[in-house]
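S.K.: Handing you a structure now.
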Amino acid sequence: MVTPYHHSMTDSQNLRKILSQNIRNARLSLYISQAKLAEFAGISVPHMLDIEYCKTWVSEKTLCGIARALNMEAYELLIPDNNEKKIKMKKENKILQKTAELIKIKKKEIRKNSDEVMDNLILDILKLYGE
């Protein structure tokens, strides 16, 4: 006999924790305040605080509004550790981009310096032959 699944309080608390952490991570990665997120999502600031601090659950409309404000799909806010991985990838990509830019700058400096060194070498050689 199959018994119906009854979710425990722990399941609900875990899901609420995942949601609040994902909202917070996504919000911080976009550098927006809780007040701005609330404004973009069309909810009050106290309601936003209650959601982010795991004090209340959200309606489907509120969940979709928050997801839209974060430029995400609603289901993504319910996936454990989803946003932490995205943030880490964004940081890694930024580091790679900055590294490539730094290499480009240093490469130009090396070329410029090597041209100067070669010019000086040629001048020194010409001086040797001019003596």
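Chain labels follow the order of the structure tokens: the first chain is A, the next B, and so on; residue numbering restarts at 1 in every chain, and ligands are counted from 1 in their shown order.
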Can you tell me, as a PyMOL selection string, which residues in chain A count as helix (DSSP H, G or I) by DSSP?
M.R.: chain A and resi 9-29+34-41+45-52+60-69+74-78+82-130
S.K.: Which residues come within 9 Å of Leu63 (chain A), counting only C-alpha atoms, excluding same-chain residues fewer than 3 positions away, as a PyMOL selection string?
M.R.: chain A and resi 41+58-60+66-68+74-75+77
S.K.: Have a look at A:Glu52, A:Glu109, A:Asp81, A:Glu73 and name the one nearest to Ser33 (chain A); count only C-alpha atoms.
M.R.: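 Among the listed residues, A:Glu52 lies closest to Ser33 (chain A).
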S.K.: Using Å and a single decimal, report how far CA of Ile51 (chain A) sits from CA of Gln13 (chain A).
M.R.: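 Computed distance, CA of Gln13 (chain A) to CA of Ile51 (chain A), equals 11.9 Å.
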S.K.: So how far away is CA of Lys61 (chain A) from CA of Ile43 (chain A), in Å?
M.R.: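 Answer for the CA of Ile43 (chain A) to CA of Lys61 (chain A) separation: 10.2 Å.
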S.K.: What is the distance between CA of Pro80 (chain A) and CA of Ile23 (chain A), in Å to one decimal?
M.R.: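 Result for CA of Pro80 (chain A) versus CA of Ile23 (chain A): 11.4 Å, one decimal.
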S.K.: Restricting the calculation to only C-alpha atoms, which member of A:Ile110, A:Leu121, A:Ile105, A:Cys54 is positioned closest to Asn14 (chain A)?
M.R.: A:Cys54
S.K.: Using only C-alpha atoms, which of the listed residues (A:Asn25, A:Thr99, A:Gln34, A:Ser12) sits closest to Asp50 (chain A)?
M.R.: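 Smallest distance to Asp50 (chain A) is found for A:Gln34.
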